[in-house]
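Below is structure_1.pdb, which holds PDB, C-alpha atoms.
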```
ATOM      1  CA  VAL A 193      74.695 242.221  84.155
ATOM      2  CA  ALA A 194      73.319 238.946  85.540
ATOM      3  CA  ILE A 195      70.055 240.666  86.466
ATOM      4  CA  PHE A 196      69.773 242.023  82.924
ATOM      5  CA  TYR A 197      70.334 238.559  81.463
ATOM      6  CA  PHE A 198      67.706 237.062  83.740
ATOM      7  CA  PHE A 199      65.020 239.587  82.810
ATOM      8  CA  PHE A 200      65.924 239.720  79.116
ATOM      9  CA  ALA A 201      66.029 235.933  78.764
ATOM     10  CA  SER A 202      62.677 235.544  80.475
ATOM     11  CA  THR A 203      60.839 238.355  78.646
ATOM     12  CA  TRP A 204      61.836 240.144  75.449
ATOM     13  CA  GLY A 205      64.618 237.750  74.398
ATOM     14  CA  PRO A 206      62.452 234.820  73.262
ATOM     15  CA  VAL A 207      59.433 236.943  72.339
ATOM     16  CA  VAL A 208      61.082 238.546  69.335
ATOM     17  CA  TRP A 209      61.664 235.146  67.703
ATOM     18  CA  SER A 210      58.083 233.955  67.984
ATOM     19  CA  TYR A 211      56.561 237.355  67.239
ATOM     20  CA  GLN A 212      58.433 237.850  63.979
ATOM     21  CA  ALA A 213      57.324 234.426  62.776
ATOM     22  CA  GLU A 214      53.675 235.300  63.457
ATOM     23  CA  ILE A 215      53.259 238.778  62.006
ATOM     24  CA  PHE A 216      54.072 238.085  58.355
ATOM     25  CA  PRO A 217      51.499 236.716  55.894
ATOM     26  CA  GLN A 218      52.002 233.103  54.831
ATOM     27  CA  ARG A 219      53.227 234.031  51.341
ATOM     28  CA  VAL A 220      56.189 236.095  52.672
ATOM     29  CA  ARG A 221      56.689 234.528  56.101
ATOM     30  CA  GLY A 222      60.054 232.946  55.257
ATOM     31  CA  LYS A 223      61.511 236.142  53.792
ATOM     32  CA  GLY A 224      60.040 238.278  56.564
ATOM     33  CA  ALA A 225      61.412 236.051  59.306
ATOM     34  CA  ALA A 226      64.794 236.006  57.557
ATOM     35  CA  LEU A 227      64.818 239.807  57.369
ATOM     36  CA  GLY A 228      63.782 240.034  61.026
ATOM     37  CA  THR A 229      66.519 237.607  62.054
ATOM     38  CA  MET A 230      69.134 239.490  60.047
ATOM     39  CA  THR A 231      68.026 242.783  61.581
ATOM     40  CA  ASN A 232      68.125 241.306  65.085
ATOM     41  CA  TRP A 233      71.661 239.966  64.615
ATOM     42  CA  ALA A 234      72.883 243.176  62.921
ATOM     43  CA  THR A 235      71.586 245.452  65.662
ATOM     44  CA  GLY A 236      73.013 243.087  68.292
ATOM     45  CA  ALA A 237      76.403 243.291  66.592
ATOM     46  CA  LEU A 238      76.144 247.083  66.364
ATOM     47  CA  ILE A 239      75.352 247.414  70.062
ATOM     48  CA  THR A 240      78.168 245.017  70.959
ATOM     49  CA  TRP A 241      80.591 247.066  68.864
ATOM     50  CA  ALA A 242      79.358 250.459  70.111
ATOM     51  CA  PHE A 243      79.201 249.675  73.829
ATOM     52  CA  PRO A 244      82.938 249.870  74.623
ATOM     53  CA  HIS A 245      83.368 252.942  72.414
ATOM     54  CA  ILE A 246      80.530 254.784  74.160
ATOM     55  CA  GLN A 247      81.823 253.708  77.566
ATOM     56  CA  ALA A 248      85.334 254.960  76.768
ATOM     57  CA  ALA A 249      83.998 258.299  75.509
ATOM     58  CA  LEU A 250      82.059 259.095  78.682
ATOM     59  CA  ALA A 251      83.723 260.664  81.702
ATOM     60  CA  ASN A 252      81.702 258.489  84.074
ATOM     61  CA  GLN A 253      81.814 255.073  82.427
ATOM     62  CA  SER A 254      78.787 253.769  84.301
ATOM     63  CA  ASN A 255      76.622 256.299  82.441
ATOM     64  CA  VAL A 256      76.580 254.007  79.428
ATOM     65  CA  TYR A 257      74.367 251.637  81.424
ATOM     66  CA  TRP A 258      71.924 254.484  82.097
ATOM     67  CA  ILE A 259      71.845 255.278  78.389
ATOM     68  CA  PHE A 260      70.929 251.716  77.489
ATOM     69  CA  PHE A 261      68.503 251.547  80.416
ATOM     70  CA  SER A 262      66.774 254.658  79.046
ATOM     71  CA  PHE A 263      66.370 252.988  75.662
ATOM     72  CA  CYS A 264      64.885 249.932  77.391
ATOM     73  CA  VAL A 265      62.345 252.097  79.220
ATOM     74  CA  ILE A 266      61.387 253.852  75.988
ATOM     75  CA  MET A 267      61.068 250.502  74.235
ATOM     76  CA  PHE A 268      58.910 249.136  77.048
ATOM     77  CA  PHE A 269      56.351 251.925  76.659
ATOM     78  CA  TRP A 270      56.526 251.819  72.862
ATOM     79  CA  THR A 271      55.874 248.063  72.911
ATOM     80  CA  TRP A 272      53.056 248.441  75.435
ATOM     81  CA  ARG A 273      51.365 251.020  73.228
ATOM     82  CA  MET A 274      52.183 249.942  69.646
ATOM     83  CA  VAL A 275      52.602 246.139  69.567
ATOM     84  CA  PRO A 276      49.285 244.268  69.470
ATOM     85  CA  GLU A 277      48.763 241.162  71.606
ATOM     86  CA  THR A 278      48.666 237.945  69.565
ATOM     87  CA  ARG A 279      48.027 235.425  72.348
ATOM     88  CA  GLY A 280      45.133 233.115  71.542
ATOM     89  CA  LEU A 281      44.789 234.262  67.921
ATOM     90  CA  THR A 282      45.079 231.981  64.919
ATOM     91  CA  LEU A 283      47.558 232.853  62.165
ATOM     92  CA  GLU A 284      44.661 234.010  59.999
ATOM     93  CA  GLU A 285      43.425 236.354  62.743
ATOM     94  CA  ILE A 286      46.959 237.678  63.267
ATOM     95  CA  GLY A 287      47.125 238.353  59.518
ATOM     96  CA  GLU A 288      44.001 240.506  59.863
ATOM     97  CA  VAL A 289      45.500 242.424  62.816
ATOM     98  CA  PHE A 290      48.620 243.311  60.825
ATOM     99  CA  GLY A 291      46.705 243.627  57.542
TER     100      GLY A 291
END
```

Once more with this new file: its structure as structure tokens, please.
Amino acid sequence: VAIFYFFFASTWGPVVWSYQAEIFPQRVRGKGAALGTMTNWATGALITWAFPHIQAALANQSNVYWIFFSFCVIMFFWTWRMVPETRGLTLEEIGEVFG
């Protein structure tokens, strides 16, 4: 668990907060960031609620970690392929990327 926290806190954890503030056009940035924040908290709550239920339902309780690990691997490749890099771009240029 400590290893997960280390890697999450140094990679994807903070990225989601800055990324969601960048991708929305200026006219809807506040509402978009609010929706992104709400979605982030809601899915976090859902995962927190589901984890013990999934673990209890499995014969080998450590398999739940492999399930979540599999989702992380899928998300890694999805992000690599589908999420454009925004480093070094101005907000106007980012607006053009996300059109």

| Near-region 261-272 of chain A list (12 Å; all atoms listed in the file; drop same-chain fewer than 2 positions) as a list in words | Val193, Phe196, Phe199, Phe200, Thr203, Trp204, Val207, Val208, Ile239, Ser254, Asn255, Val256, Tyr257, Trp258, Ile259, Met274, Val275, Pro276 and Glu277 of chain A

| Could you work out how far CA of Trp209 (chain A) lies from CA of Asn232 (chain A), giving the answer in Å with one decimal? | 9.3 Å

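Computed from the coordinates, the CA of Ile286 (chain A) to CA of Phe198 (chain A) distance equals 29.2 Å.
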
| query | Do you know which residues lie at most 12 Å from (49.2, 233.2, 61.1), with coordinates as in the file and all atoms listed in the file counted, and could you write them as a VMD selection string? | reply | chain A and resid 210 to 221 278 to 291

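With distances restricted to only C-alpha atoms, A:Phe260 is the closest residue to Gln247 (chain A) from A:Ala194, A:Thr229, A:Phe260, A:Thr235.
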
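Between CA of Asn252 (chain A) and CA of Thr240 (chain A) the separation is 19.1 Å.
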
Using the partial input, fill out region 238-254 of chain A with N, CA and C atoms; write the result as a CSV table (one decimal), in the coordinates of the input.
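Resulting contents of out-v7.csv:
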```
chain,number,residue,atom,x,y,z
A,238,LEU,N,75.9,245.6,66.3
A,238,LEU,CA,76.1,247.1,66.4
A,238,LEU,C,76.2,247.5,67.8
A,239,ILE,N,75.3,247.1,68.6
A,239,ILE,CA,75.4,247.4,70.1
A,239,ILE,C,76.6,246.9,70.7
A,240,THR,N,77.0,245.6,70.4
A,240,THR,CA,78.2,245.0,71.0
A,240,THR,C,79.4,245.8,70.6
A,241,TRP,N,79.5,246.3,69.3
A,241,TRP,CA,80.6,247.1,68.9
A,241,TRP,C,80.6,248.4,69.5
A,242,ALA,N,79.4,249.1,69.6
A,242,ALA,CA,79.4,250.5,70.1
A,242,ALA,C,79.6,250.6,71.6
A,243,PHE,N,79.2,249.6,72.4
A,243,PHE,CA,79.2,249.7,73.8
A,243,PHE,C,80.6,250.1,74.4
A,244,PRO,N,81.7,249.4,74.1
A,244,PRO,CA,82.9,249.9,74.6
A,244,PRO,C,83.4,251.3,74.1
A,245,HIS,N,83.0,251.6,72.9
A,245,HIS,CA,83.4,252.9,72.4
A,245,HIS,C,82.6,254.0,73.2
A,246,ILE,N,81.3,253.8,73.4
A,246,ILE,CA,80.5,254.8,74.2
A,246,ILE,C,81.0,254.9,75.6
A,247,GLN,N,81.3,253.7,76.2
A,247,GLN,CA,81.8,253.7,77.6
A,247,GLN,C,83.1,254.5,77.7
A,248,ALA,N,84.0,254.3,76.7
A,248,ALA,CA,85.3,255.0,76.8
A,248,ALA,C,85.2,256.5,76.6
A,249,ALA,N,84.2,256.9,75.8
A,249,ALA,CA,84.0,258.3,75.5
A,249,ALA,C,83.4,259.1,76.7
A,250,LEU,N,82.7,258.4,77.6
A,250,LEU,CA,82.1,259.1,78.7
A,250,LEU,C,83.0,259.3,79.9
A,251,ALA,N,82.9,260.4,80.5
A,251,ALA,CA,83.7,260.7,81.7
A,251,ALA,C,83.4,259.7,82.8
A,252,ASN,N,82.1,259.5,83.1
A,252,ASN,CA,81.7,258.5,84.1
A,252,ASN,C,81.2,257.3,83.3
A,253,GLN,N,82.1,256.2,83.3
A,253,GLN,CA,81.8,255.1,82.4
A,253,GLN,C,80.5,254.3,82.8
A,254,SER,N,80.0,254.5,84.0
A,254,SER,CA,78.8,253.8,84.3
A,254,SER,C,77.6,254.4,83.6
```
